[in-house]
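Source file: query_29.cif; contents: mmCIF, C-alpha atoms.
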```
data_target
loop_
_atom_site.group_PDB
_atom_site.id
_atom_site.type_symbol
_atom_site.label_atom_id
_atom_site.label_comp_id
_atom_site.auth_asym_id
_atom_site.auth_seq_id
_atom_site.Cartn_x
_atom_site.Cartn_y
_atom_site.Cartn_z
ATOM 1 C CA GLN Y 178 -8.253 91.882 64.556
ATOM 2 C CA ALA Y 179 -7.901 95.260 66.306
ATOM 3 C CA GLN Y 180 -4.989 97.338 65.103
ATOM 4 C CA GLY Y 181 -1.979 97.433 67.401
ATOM 5 C CA THR Y 182 -3.151 94.496 69.484
ATOM 6 C CA GLY Y 183 -2.963 90.694 69.165
ATOM 7 C CA SER Y 184 -6.406 90.021 70.667
ATOM 8 C CA VAL Y 185 -9.513 88.969 68.804
ATOM 9 C CA SER Y 186 -12.619 91.015 69.205
ATOM 10 C CA PRO Y 187 -15.725 88.918 69.908
ATOM 11 C CA PHE Y 188 -17.863 91.437 68.072
ATOM 12 C CA VAL Y 189 -15.857 91.208 64.899
ATOM 13 C CA CYS Y 190 -15.533 87.369 64.795
ATOM 14 C CA SER Y 191 -18.663 86.302 66.613
ATOM 15 C CA GLY Y 192 -19.711 84.102 63.702
ATOM 16 C CA CYS Y 193 -16.471 82.107 63.854
ATOM 17 C CA TRP Y 194 -17.532 80.272 67.063
ATOM 18 C CA ALA Y 195 -20.393 78.540 65.303
ATOM 19 C CA ASP Y 196 -17.994 76.939 62.832
ATOM 20 C CA ARG Y 197 -15.936 75.243 65.526
ATOM 21 C CA PRO Y 198 -16.570 71.463 66.233
ATOM 22 C CA ARG Y 199 -18.740 70.702 69.257
ATOM 23 C CA PHE Y 200 -17.626 67.935 71.636
ATOM 24 C CA GLY Y 201 -20.404 66.745 73.928
ATOM 25 C CA LEU Y 202 -22.687 63.831 74.834
ATOM 26 C CA ALA Y 203 -25.007 64.408 71.883
ATOM 27 C CA THR Y 204 -22.064 64.428 69.467
ATOM 28 C CA MET Y 205 -20.685 61.187 70.971
ATOM 29 C CA ILE Y 206 -24.071 59.439 70.724
ATOM 30 C CA GLU Y 207 -24.466 60.616 67.144
ATOM 31 C CA ALA Y 208 -20.998 59.289 66.271
ATOM 32 C CA ILE Y 209 -21.797 55.898 67.856
ATOM 33 C CA MET Y 210 -25.098 55.636 65.997
ATOM 34 C CA ASP Y 211 -23.569 56.635 62.660
ATOM 35 C CA TRP Y 212 -20.644 54.202 62.873
ATOM 36 C CA ARG Y 213 -20.846 51.177 60.530
ATOM 37 C CA LEU Y 214 -18.911 47.931 60.265
ATOM 38 C CA ASN Y 215 -17.549 47.644 56.734
ATOM 39 C CA ILE Y 216 -17.622 43.874 56.014
ATOM 40 C CA ASP Y 217 -19.432 41.556 53.588
ATOM 41 C CA LYS Y 218 -23.121 40.876 54.083
ATOM 42 C CA GLU Y 219 -22.478 37.152 54.631
ATOM 43 C CA PHE Y 220 -20.237 37.860 57.628
ATOM 44 C CA GLN Y 221 -22.805 40.319 58.964
ATOM 45 C CA GLY Y 222 -25.309 37.466 59.158
ATOM 46 C CA TRP Y 223 -22.863 35.319 61.125
ATOM 47 C CA ILE Y 224 -22.250 38.197 63.528
ATOM 48 C CA LEU Y 225 -26.001 38.390 64.171
ATOM 49 C CA VAL Y 226 -26.131 34.629 64.775
ATOM 50 C CA PHE Y 227 -23.339 34.768 67.368
ATOM 51 C CA ALA Y 228 -24.915 37.822 68.995
ATOM 52 C CA THR Y 229 -28.268 36.010 69.297
ATOM 53 C CA VAL Y 230 -26.619 32.900 70.782
ATOM 54 C CA THR Y 231 -24.760 35.107 73.265
ATOM 55 C CA ALA Y 232 -28.010 36.770 74.329
ATOM 56 C CA ILE Y 233 -29.662 33.383 74.873
ATOM 57 C CA PHE Y 234 -26.633 32.165 76.849
ATOM 58 C CA LEU Y 235 -26.855 35.170 79.166
ATOM 59 C CA PHE Y 236 -30.444 34.208 79.970
ATOM 60 C CA CYS Y 237 -29.233 30.718 80.959
ATOM 61 C CA LEU Y 238 -26.338 32.022 83.056
ATOM 62 C CA PRO Y 239 -27.754 30.931 86.488
ATOM 63 C CA CYS Y 240 -28.215 27.335 85.305
ATOM 64 C CA TYR Y 241 -24.774 27.288 83.674
ATOM 65 C CA CYS Y 242 -23.009 28.566 86.796
ATOM 66 C CA ALA Y 243 -24.907 26.099 89.006
ATOM 67 C CA GLY Y 244 -23.540 23.206 86.942
ATOM 68 C CA LEU Y 245 -19.894 24.235 87.238
ATOM 69 C CA SER Y 246 -17.537 22.580 89.722
ATOM 70 C CA PHE Y 247 -16.096 25.861 91.012
ATOM 71 C CA ASP Y 248 -17.332 26.971 94.429
ATOM 72 C CA SER Y 249 -17.320 30.621 93.396
ATOM 73 C CA ALA Y 250 -19.532 29.867 90.371
ATOM 74 C CA ARG Y 251 -22.001 27.916 92.504
ATOM 75 C CA ARG Y 252 -22.137 30.667 95.099
ATOM 76 C CA PHE Y 253 -22.760 33.186 92.313
ATOM 77 C CA ALA Y 254 -25.552 30.970 90.931
ATOM 78 C CA SER Y 255 -27.109 30.719 94.393
ATOM 79 C CA TRP Y 256 -26.929 34.495 94.740
ATOM 80 C CA LEU Y 257 -28.604 34.940 91.339
ATOM 81 C CA GLN Y 258 -31.392 32.462 92.105
ATOM 82 C CA GLN Y 259 -32.404 34.579 95.085
ATOM 83 C CA ARG Y 260 -32.777 37.587 92.757
ATOM 84 C CA LEU Y 261 -34.109 36.012 89.548
ATOM 85 C CA PRO Y 262 -36.750 38.683 88.703
ATOM 86 C CA THR Y 263 -34.160 41.461 89.003
ATOM 87 C CA PHE Y 264 -31.590 39.443 87.077
ATOM 88 C CA TYR Y 265 -33.919 38.682 84.153
ATOM 89 C CA LEU Y 266 -35.089 42.307 84.031
ATOM 90 C CA PHE Y 267 -31.503 43.529 83.851
ATOM 91 C CA ILE Y 268 -30.456 40.868 81.316
ATOM 92 C CA GLY Y 269 -33.519 41.587 79.201
ATOM 93 C CA VAL Y 270 -32.674 45.287 79.002
ATOM 94 C CA PHE Y 271 -28.986 44.527 78.391
ATOM 95 C CA ASN Y 272 -29.726 42.021 75.611
ATOM 96 C CA LEU Y 273 -32.148 44.428 73.954
ATOM 97 C CA GLY Y 274 -29.520 47.152 73.893
ATOM 98 C CA PHE Y 275 -26.797 44.728 72.850
ATOM 99 C CA ILE Y 276 -28.778 43.383 69.870
ATOM 100 C CA PHE Y 277 -29.913 46.881 68.910
ATOM 101 C CA PHE Y 278 -26.361 48.232 68.652
ATOM 102 C CA VAL Y 279 -25.115 45.154 66.797
ATOM 103 C CA VAL Y 280 -27.886 45.547 64.220
ATOM 104 C CA GLN Y 281 -27.326 49.293 64.070
ATOM 105 C CA TRP Y 282 -23.631 48.897 63.262
ATOM 106 C CA LEU Y 283 -24.265 46.469 60.394
ATOM 107 C CA PRO Y 284 -24.800 48.485 57.186
ATOM 108 C CA ASP Y 285 -27.048 45.922 55.423
ATOM 109 C CA TRP Y 286 -29.377 45.255 58.355
ATOM 110 C CA ASN Y 287 -31.956 47.096 60.408
ATOM 111 C CA PHE Y 288 -33.904 46.059 63.463
ATOM 112 C CA ALA Y 289 -37.095 45.237 61.532
ATOM 113 C CA GLN Y 290 -35.199 42.941 59.169
ATOM 114 C CA TYR Y 291 -33.554 41.223 62.145
ATOM 115 C CA LEU Y 292 -36.937 40.523 63.790
ATOM 116 C CA VAL Y 293 -38.342 39.119 60.539
ATOM 117 C CA ALA Y 294 -35.307 36.867 60.088
ATOM 118 C CA LEU Y 295 -35.539 35.714 63.719
ATOM 119 C CA VAL Y 296 -39.223 34.786 63.340
ATOM 120 C CA GLN Y 297 -38.573 32.998 60.038
ATOM 121 C CA CYS Y 298 -35.700 31.024 61.562
ATOM 122 C CA THR Y 299 -37.825 30.030 64.572
ATOM 123 C CA VAL Y 300 -40.767 28.947 62.407
ATOM 124 C CA GLY Y 301 -38.501 26.997 60.033
ATOM 125 C CA THR Y 302 -36.818 25.213 62.939
ATOM 126 C CA LEU Y 303 -40.162 24.241 64.452
ATOM 127 C CA GLN Y 304 -41.384 22.913 61.111
ATOM 128 C CA HIS Y 305 -38.312 20.715 60.706
ATOM 129 C CA VAL Y 306 -38.641 19.525 64.299
ATOM 130 C CA LEU Y 307 -42.290 18.557 63.726
ATOM 131 C CA GLN Y 308 -41.351 16.670 60.563
ATOM 132 C CA CYS Y 309 -38.719 14.695 62.482
ATOM 133 C CA ALA Y 310 -40.729 14.446 65.715
ATOM 134 C CA SER Y 311 -41.207 10.669 65.589
ATOM 135 C CA SER Y 312 -37.497 10.042 64.977
ATOM 136 C CA LEU Y 313 -36.513 12.493 67.702
ATOM 137 C CA VAL Y 314 -38.844 10.789 70.176
ATOM 138 C CA VAL Y 315 -37.289 7.391 69.413
ATOM 139 C CA ILE Y 316 -33.749 8.781 69.787
ATOM 140 C CA ALA Y 317 -34.653 10.583 73.023
ATOM 141 C CA ALA Y 318 -36.320 7.437 74.421
ATOM 142 C CA PHE Y 319 -33.263 5.341 73.539
ATOM 143 C CA CYS Y 320 -30.870 7.824 75.189
ATOM 144 C CA PHE Y 321 -33.110 7.988 78.262
ATOM 145 C CA ALA Y 322 -33.260 4.197 78.520
ATOM 146 C CA VAL Y 323 -29.471 3.869 78.223
ATOM 147 C CA ALA Y 324 -28.768 6.671 80.709
ATOM 148 C CA PHE Y 325 -31.238 5.414 83.342
ATOM 149 C CA LYS Y 326 -31.177 1.681 82.596
ATOM 150 C CA ASP Y 327 -30.257 0.802 86.182
ATOM 151 C CA ARG Y 328 -33.068 2.903 87.621
ATOM 152 C CA ILE Y 329 -35.596 1.505 85.141
ATOM 153 C CA ALA Y 330 -34.516 -2.058 85.915
ATOM 154 C CA GLN Y 331 -34.814 -1.372 89.636
ATOM 155 C CA LEU Y 332 -38.279 0.140 89.119
ATOM 156 C CA PHE Y 333 -39.531 -3.020 87.399
ATOM 157 C CA GLY Y 334 -37.755 -5.281 89.887
ATOM 158 C CA PHE Y 335 -35.270 -7.060 87.608
ATOM 159 C CA ASP Y 336 -32.139 -4.978 88.268
ATOM 160 C CA HIS Y 337 -30.488 -8.028 89.844
ATOM 161 C CA LYS Y 338 -31.229 -10.408 86.961
ATOM 162 C CA THR Y 339 -28.907 -10.996 84.013
ATOM 163 C CA ILE Y 340 -31.026 -11.412 80.881
ATOM 164 C CA PHE Y 341 -28.235 -11.616 78.291
ATOM 165 C CA ARG Y 342 -25.101 -13.431 79.429
ATOM 166 C CA PHE Y 343 -22.919 -11.755 76.858
ATOM 167 C CA LYS Y 344 -20.926 -8.532 76.581
ATOM 168 C CA ILE Y 345 -18.749 -7.035 73.865
ATOM 169 C CA ARG Y 346 -15.644 -7.598 75.974
ATOM 170 C CA ASP Y 347 -16.348 -11.355 75.873
ATOM 171 C CA LEU Y 348 -15.236 -11.367 72.228
ATOM 172 C CA LEU Y 349 -11.708 -10.411 73.283
ATOM 173 C CA THR Y 350 -11.369 -13.630 75.275
ATOM 174 C CA CYS Y 351 -13.224 -15.911 72.799
ATOM 175 C CA LEU Y 352 -15.876 -16.450 75.485
ATOM 176 C CA GLY Y 353 -13.293 -18.245 77.635
ATOM 177 C CA PRO Y 354 -13.386 -18.429 81.447
ATOM 178 C CA SER Y 355 -9.900 -17.041 82.031
ATOM 179 C CA ARG Y 356 -11.169 -13.680 83.249
ATOM 180 C CA PHE Y 357 -13.384 -15.319 85.892
ATOM 181 C CA GLN Y 358 -12.126 -16.110 89.365
ATOM 182 C CA PRO Y 359 -13.968 -18.683 91.485
ATOM 183 C CA ILE Y 360 -14.889 -17.352 94.903
ATOM 184 C CA GLU Y 361 -16.699 -18.819 97.876
ATOM 185 C CA LEU Y 362 -19.376 -16.894 99.750
ATOM 186 C CA SER Y 363 -19.785 -17.861 103.388
ATOM 187 C CA VAL Y 364 -22.829 -16.681 105.316
ATOM 188 C CA TRP Y 365 -22.610 -16.766 109.077
ATOM 189 C CA LYS Y 366 -25.797 -15.170 110.368
ATOM 190 C CA VAL Y 367 -28.398 -12.479 109.876
ATOM 191 C CA ASP Y 368 -30.252 -10.503 112.516
ATOM 192 C CA ASP Y 369 -32.368 -7.420 113.252
ATOM 193 C CA LEU Y 370 -34.795 -8.222 110.412
ATOM 194 C CA ALA Y 371 -38.218 -6.662 110.138
ATOM 195 C CA SER Y 372 -41.277 -8.878 110.547
ATOM 196 C CA ALA Y 373 -43.097 -9.741 107.324
ATOM 197 C CA ASP Y 374 -46.235 -10.884 109.176
ATOM 198 C CA PRO Y 375 -47.147 -9.743 112.706
ATOM 199 C CA PHE Y 376 -48.936 -13.061 113.352
ATOM 200 C CA SER Y 377 -46.159 -15.451 112.305
ATOM 201 C CA ALA Y 378 -42.366 -15.717 112.470
ATOM 202 C CA ASN Y 379 -40.181 -15.205 109.411
ATOM 203 C CA ASN Y 380 -39.094 -18.225 107.375
ATOM 204 C CA VAL Y 381 -35.759 -16.816 106.301
ATOM 205 C CA PHE Y 382 -33.626 -17.695 103.303
ATOM 206 C CA ILE Y 383 -31.035 -15.648 101.398
ATOM 207 C CA GLU Y 384 -30.659 -15.307 97.635
ATOM 208 C CA PHE Y 385 -27.552 -14.129 95.749
ATOM 209 C CA PHE Y 386 -27.196 -12.757 92.211
ATOM 210 C CA LEU Y 387 -23.793 -12.078 90.636
ATOM 211 C CA GLY Y 388 -23.083 -11.520 86.930
ATOM 212 C CA TYR Y 389 -23.432 -14.595 84.716
ATOM 213 C CA ASN Y 390 -23.988 -16.958 87.669
ATOM 214 C CA GLU Y 391 -27.281 -18.671 88.278
ATOM 215 C CA PRO Y 392 -29.152 -17.472 91.386
ATOM 216 C CA MET Y 393 -27.829 -19.101 94.557
ATOM 217 C CA ARG Y 394 -29.994 -19.685 97.640
ATOM 218 C CA THR Y 395 -29.549 -20.891 101.148
ATOM 219 C CA ARG Y 396 -31.982 -23.321 102.703
ATOM 220 C CA VAL Y 397 -35.087 -21.983 104.389
ATOM 221 C CA HIS Y 398 -34.756 -21.489 108.152
ATOM 222 C CA ASN Y 399 -38.278 -21.928 109.484
ATOM 223 C CA ASN Y 400 -39.558 -19.795 112.351
ATOM 224 C CA ALA Y 401 -36.326 -17.797 112.386
ATOM 225 C CA GLY Y 402 -37.965 -14.581 113.467
ATOM 226 C CA SER Y 403 -35.789 -11.479 113.290
ATOM 227 C CA GLY Y 404 -32.528 -13.420 112.879
ATOM 228 C CA CYS Y 405 -30.865 -16.797 112.662
ATOM 229 C CA LEU Y 406 -27.591 -18.639 112.103
ATOM 230 C CA ILE Y 407 -27.100 -19.555 108.439
ATOM 231 C CA LYS Y 408 -23.595 -21.135 108.313
ATOM 232 C CA GLU Y 409 -23.649 -22.022 104.635
ATOM 233 C CA ASN Y 410 -21.151 -21.767 101.775
ATOM 234 C CA MET Y 411 -21.670 -21.359 98.040
ATOM 235 C CA GLN Y 412 -19.323 -20.899 95.083
ATOM 236 C CA LEU Y 413 -19.605 -18.320 92.293
ATOM 237 C CA ASN Y 414 -17.577 -17.057 89.338
ATOM 238 C CA PHE Y 415 -16.373 -13.491 89.765
ATOM 239 C CA ASP Y 416 -14.889 -11.124 87.164
ATOM 240 C CA GLU Y 417 -12.961 -8.546 89.159
ATOM 241 C CA ASP Y 418 -12.277 -6.399 86.072
ATOM 242 C CA ASP Y 419 -15.971 -5.871 85.310
ATOM 243 C CA GLU Y 420 -17.012 -2.716 87.142
ATOM 244 C CA GLU Y 421 -20.712 -3.414 86.505
ATOM 245 C CA GLU Y 422 -20.676 -6.828 88.208
ATOM 246 C CA THR Y 423 -22.559 -6.111 91.425
ATOM 247 C CA LEU Y 424 -23.421 -8.723 94.028
ATOM 248 C CA TYR Y 425 -27.124 -8.463 94.889
ATOM 249 C CA ILE Y 426 -28.232 -9.949 98.201
ATOM 250 C CA PHE Y 427 -31.897 -10.540 99.079
ATOM 251 C CA VAL Y 428 -33.108 -11.746 102.448
ATOM 252 C CA ARG Y 429 -36.542 -13.240 101.829
ATOM 253 C CA ASN Y 430 -39.406 -14.743 103.783
ATOM 254 C CA GLN Y 431 -40.990 -17.941 102.448
ATOM 255 C CA LYS Y 432 -44.785 -17.914 102.483
ATOM 256 C CA ILE Y 433 -47.414 -20.521 101.692
ATOM 257 C CA VAL Y 434 -47.520 -19.134 98.164
ATOM 258 C CA GLY Y 435 -44.366 -17.448 96.932
ATOM 259 C CA HIS Y 436 -42.107 -15.292 99.066
ATOM 260 C CA SER Y 437 -41.655 -11.690 100.186
ATOM 261 C CA GLU Y 438 -38.584 -9.515 100.556
ATOM 262 C CA LEU Y 439 -37.390 -8.659 104.057
ATOM 263 C CA ALA Y 440 -34.198 -6.755 103.204
ATOM 264 C CA ARG Y 441 -31.596 -6.332 100.493
ATOM 265 C CA ALA Y 442 -28.038 -5.118 99.927
ATOM 266 C CA GLU Y 443 -25.756 -4.397 96.990
ATOM 267 C CA ILE Y 444 -21.990 -4.948 97.010
ATOM 268 C CA PRO Y 445 -20.174 -3.274 94.101
ATOM 269 C CA THR Y 446 -17.184 -4.814 92.359
ATOM 270 C CA GLU Y 447 -14.550 -2.780 94.197
ATOM 271 C CA ARG Y 448 -15.850 -3.688 97.640
ATOM 272 C CA LEU Y 449 -16.190 -7.348 96.688
ATOM 273 C CA LYS Y 450 -12.556 -7.378 95.514
ATOM 274 C CA GLN Y 451 -11.480 -5.936 98.847
ATOM 275 C CA MET Y 452 -13.418 -8.645 100.696
ATOM 276 C CA VAL Y 453 -11.781 -11.380 98.597
ATOM 277 C CA ARG Y 454 -8.263 -10.011 99.174
ATOM 278 C CA LYS Y 455 -8.871 -9.590 102.876
ATOM 279 C CA ALA Y 456 -10.132 -13.161 103.214
ATOM 280 C CA ALA Y 457 -7.104 -14.492 101.307
ATOM 281 C CA SER Y 458 -4.826 -13.120 104.024
ATOM 282 C CA TYR Y 459 -6.501 -15.311 106.689
ATOM 283 C CA GLY Y 460 -5.784 -18.602 104.910
ATOM 284 C CA GLU Y 461 -8.131 -21.256 103.604
ATOM 285 C CA GLN Y 462 -9.481 -22.652 106.857
ATOM 286 C CA LEU Y 463 -12.834 -21.077 107.686
ATOM 287 C CA ARG Y 464 -14.204 -20.451 111.149
ATOM 288 C CA PHE Y 465 -17.581 -18.854 111.815
ATOM 289 C CA SER Y 466 -16.415 -16.099 114.153
ATOM 290 C CA GLU Y 467 -16.053 -12.325 114.337
ATOM 291 C CA GLU Y 468 -12.384 -12.612 113.449
ATOM 292 C CA PHE Y 469 -13.110 -14.093 110.022
ATOM 293 C CA PHE Y 470 -16.234 -12.110 109.122
ATOM 294 C CA GLY Y 471 -15.484 -8.700 110.555
ATOM 295 C CA ASP Y 472 -18.090 -5.952 110.352
ATOM 296 C CA PRO Y 473 -21.572 -6.930 109.173
ATOM 297 C CA ILE Y 474 -23.192 -5.675 105.982
ATOM 298 C CA ALA Y 475 -26.022 -3.215 106.567
ATOM 299 C CA LEU Y 476 -29.265 -4.290 104.914
ATOM 300 C CA ILE Y 477 -31.972 -2.049 103.508
ATOM 301 C CA PRO Y 478 -34.365 -1.120 105.041
ATOM 302 C CA ARG Y 479 -33.226 -2.928 108.195
ATOM 303 C CA GLY Y 480 -31.011 -5.779 109.274
ATOM 304 C CA ARG Y 481 -27.395 -6.980 109.372
ATOM 305 C CA LEU Y 482 -25.685 -9.784 107.471
ATOM 306 C CA TRP Y 483 -22.287 -11.366 108.199
ATOM 307 C CA LEU Y 484 -20.773 -12.369 104.857
ATOM 308 C CA ARG Y 485 -17.300 -13.492 103.798
ATOM 309 C CA ALA Y 486 -15.940 -13.811 100.241
ATOM 310 C CA ALA Y 487 -12.764 -15.850 99.722
ATOM 311 C CA PRO Y 488 -10.840 -16.989 96.615
ATOM 312 C CA ILE Y 489 -10.766 -20.633 95.543
ATOM 313 C CA ARG Y 490 -7.929 -22.483 93.833
ATOM 314 C CA ASP Y 491 -9.459 -24.317 90.887
ATOM 315 C CA GLU Y 492 -7.484 -26.107 88.169
ATOM 316 C CA ASP Y 493 -10.293 -25.528 85.645
ATOM 317 C CA TYR Y 494 -9.427 -21.822 85.700
ATOM 318 C CA SER Y 495 -5.655 -22.194 85.496
ATOM 319 C CA GLN Y 496 -5.446 -21.756 81.693
ATOM 320 C CA THR Y 497 -4.008 -18.530 80.379
ATOM 321 C CA LEU Y 498 -5.777 -16.213 77.963
ATOM 322 C CA PHE Y 499 -3.354 -17.198 75.156
ATOM 323 C CA GLN Y 500 -4.151 -20.893 75.654
ATOM 324 C CA GLU Y 501 -7.857 -20.232 75.431
ATOM 325 C CA MET Y 502 -7.591 -18.045 72.340
ATOM 326 C CA THR Y 503 -5.573 -20.734 70.512
ATOM 327 C CA GLN Y 504 -8.277 -23.275 71.322
ATOM 328 C CA CYS Y 505 -11.202 -21.243 69.898
#
```

Translate this file's structure into structure tokens.
Amino acid sequence: QAQGTGSVSPFVCSGCWADRPRFGLATMIEAIMDWRLNIDKEFQGWILVFATVTAIFLFCLPCYCAGLSFDSARRFASWLQQRLPTFYLFIGVFNLGFIFFVVQWLPDWNFAQYLVALVQCTVGTLQHVLQCASSLVVIAAFCFAVAFKDRIAQLFGFDHKTIFRFKIRDLLTCLGPSRFQPIELSVWKVDDLASADPFSANNVFIEFFLGYNEPMRTRVHNNAGSGCLIKENMQLNFDEDDEEETLYIFVRNQKIVGHSELARAEIPTERLKQMVRKAASYGEQLRFSEEFFGDPIALIPRGRLWLRAAPIRDEDYSQTLFQEMTQC
């Protein structure tokens, strides 16, 4: 210090400035790189596992957002799908930096060790998968068959047929008929059918499949063409609590050998219940008219069918579930 003054001479203490701490970008980066997480090595491995799973999840982010029910998430997924190359470039750089810093902050790991462990884990997983490949194929085939059983049955043409007339829920009623309700199907007419043969008229008959019932058919109406009056009734057993009990309707054309399909329709359980309840409100007397049948059922690929389903009072089905279970 200069005598008589309180100031510091830069010439006298010029070396003191070098000893002062420097605060800048380089110092901050050096502090970040030198920082370490002081935990056990076992927990460090779990941190790397969660970091790797997070990085993989970020790569699958567009697919994940597209599967959500939120409109904002779906719009975000649509926006990402229009910019997938840019998104994957950005996520790739981000994941590389993210994994690098996580490895850097773990005292017992370095990036080379992480890559070796990642390769070893991948190779070990593939080896175990190959050893269990046959079992995995069987499990995957079983899950696929269960998930798409209706589509597979429709592909092979037996979706309307009941092969096994038994379900687990039948055990709760001791295989008794109390859960079945007798109903009557009334067919008025069918029209607007496609032609099966351009050189001959259709010989029309209708076939019904419902649950445990045997197939029911109307008589063949020869030379009916694109439509005809059916005016027939048939009785079936209906379980209104079985959501898988679908009424399958096939309008067929009888040929010299066999028959061909003109049109078809499927009526699920809920709609069939509504038809039965609606018909019950009109009373038991049936008249073949628009008032009783209402709107027609649209057939696939073309055609219309007027069908009515009404409940039947039958003493054979008047027993209660308790009475049936005590008579097993």

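Applied to the file shown here, the PyMOL selection byres ((chain Y and resi 385-401) around 8) selects His337, Lys338, Thr339, Arg342, Ser377, Ala378, Asn379, Asn380, Val381, Phe382, Ile383, Glu384, Gly402, Ser403, Gly404, Cys405, Ile407, Glu409, Met411, Leu413, Asn414, Phe415, Glu422, Thr423, Leu424, Tyr425, Ile426, Phe427 and Gln431 of chain Y.
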
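In terms of minimum interatomic distance to Val279 of chain Y, Y:Arg213 ranks closest within Y:His305, Y:Arg251, Y:Arg213, Y:Arg464, counting all atoms listed in the file.
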
Atomic distance atom CA of Ile474 of chain Y - atom CA of Leu362 of chain Y, expressed in Å with one decimal: 13.4 Å

Using only C-alpha atoms, which residues sit within 8 Å of Val453 of chain Y once same-chain residues fewer than 2 positions away are excluded, as a list in words?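 Neighbouring residues, sequence-local ones excluded: Ile360, Leu449, Lys450, Gln451, Lys455, Ala456, Ala457, Arg485, Ala486, Ala487 and Pro488 of chain Y.
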
Could you dump the residues just selected with C-alpha atoms as a compact mmCIF listing (two decimals), in the frame of the given file?
```txt
# COMPACT_ATOMS: atom_id res chain seq x y z
CA ILE Y 360 -14.89 -17.35 94.90
CA LEU Y 449 -16.19 -7.35 96.69
CA LYS Y 450 -12.56 -7.38 95.51
CA GLN Y 451 -11.48 -5.94 98.85
CA LYS Y 455 -8.87 -9.59 102.88
CA ALA Y 456 -10.13 -13.16 103.21
CA ALA Y 457 -7.10 -14.49 101.31
CA ARG Y 485 -17.30 -13.49 103.80
CA ALA Y 486 -15.94 -13.81 100.24
CA ALA Y 487 -12.76 -15.85 99.72
CA PRO Y 488 -10.84 -16.99 96.62
```

Quick one: everything within 8 Å of Trp483 of chain Y, counting only C-alpha atoms, minus sequence neighbours fewer than 6 positions away in the same chain. Send it as a list in words.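 Final neighbour list, sorted by chain and number: Val364, Trp365, Lys366, Val367, Phe470, Gly471, Asp472, Pro473 and Ile474 of chain Y.
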
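Between atom CA of Trp212 of chain Y and atom CA of Val230 of chain Y the separation is 23.5 Å.
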
Work out how far atom CA of Ile268 of chain Y is from atom CA of Leu214 of chain Y, in Å to one decimal. 25.0 Å

Could you work out an axis-aligned box for segment 308-326 of chain Y, taking every atom the file lists and adding 8 Å on each side, and report centre and edge lengths in Å to one decimal, as AutoDock Vina command-line options?
```
--center_x -35.1 --center_y 9.2 --center_z 72.0 --size_x 28.6 --size_y 31.0 --size_z 38.8
```

Target residues per the PyMOL selection byres ((chain Y and resi 285) around 8), formatted as a ChimeraX atom specification: /Y:218,221,283-284,286-287

Can you tell me which residues surround Ala228 of chain Y at a distance of at most 10 Å, considering only C-alpha atoms, apart from same-chain residues fewer than 2 positions away, and format the answer as a VMD selection string? chain Y and resid 222 to 226 230 to 234 272 275 to 276 279 to 280

Restricting the calculation to all atoms listed in the file: of Y:Ser312, Y:Thr204, Y:Ser255, Y:Ser372, which residue gets closest to Arg479 of chain Y?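 When distances to Arg479 of chain Y are compared using all atoms listed in the file, the smallest one comes from Y:Ser372.
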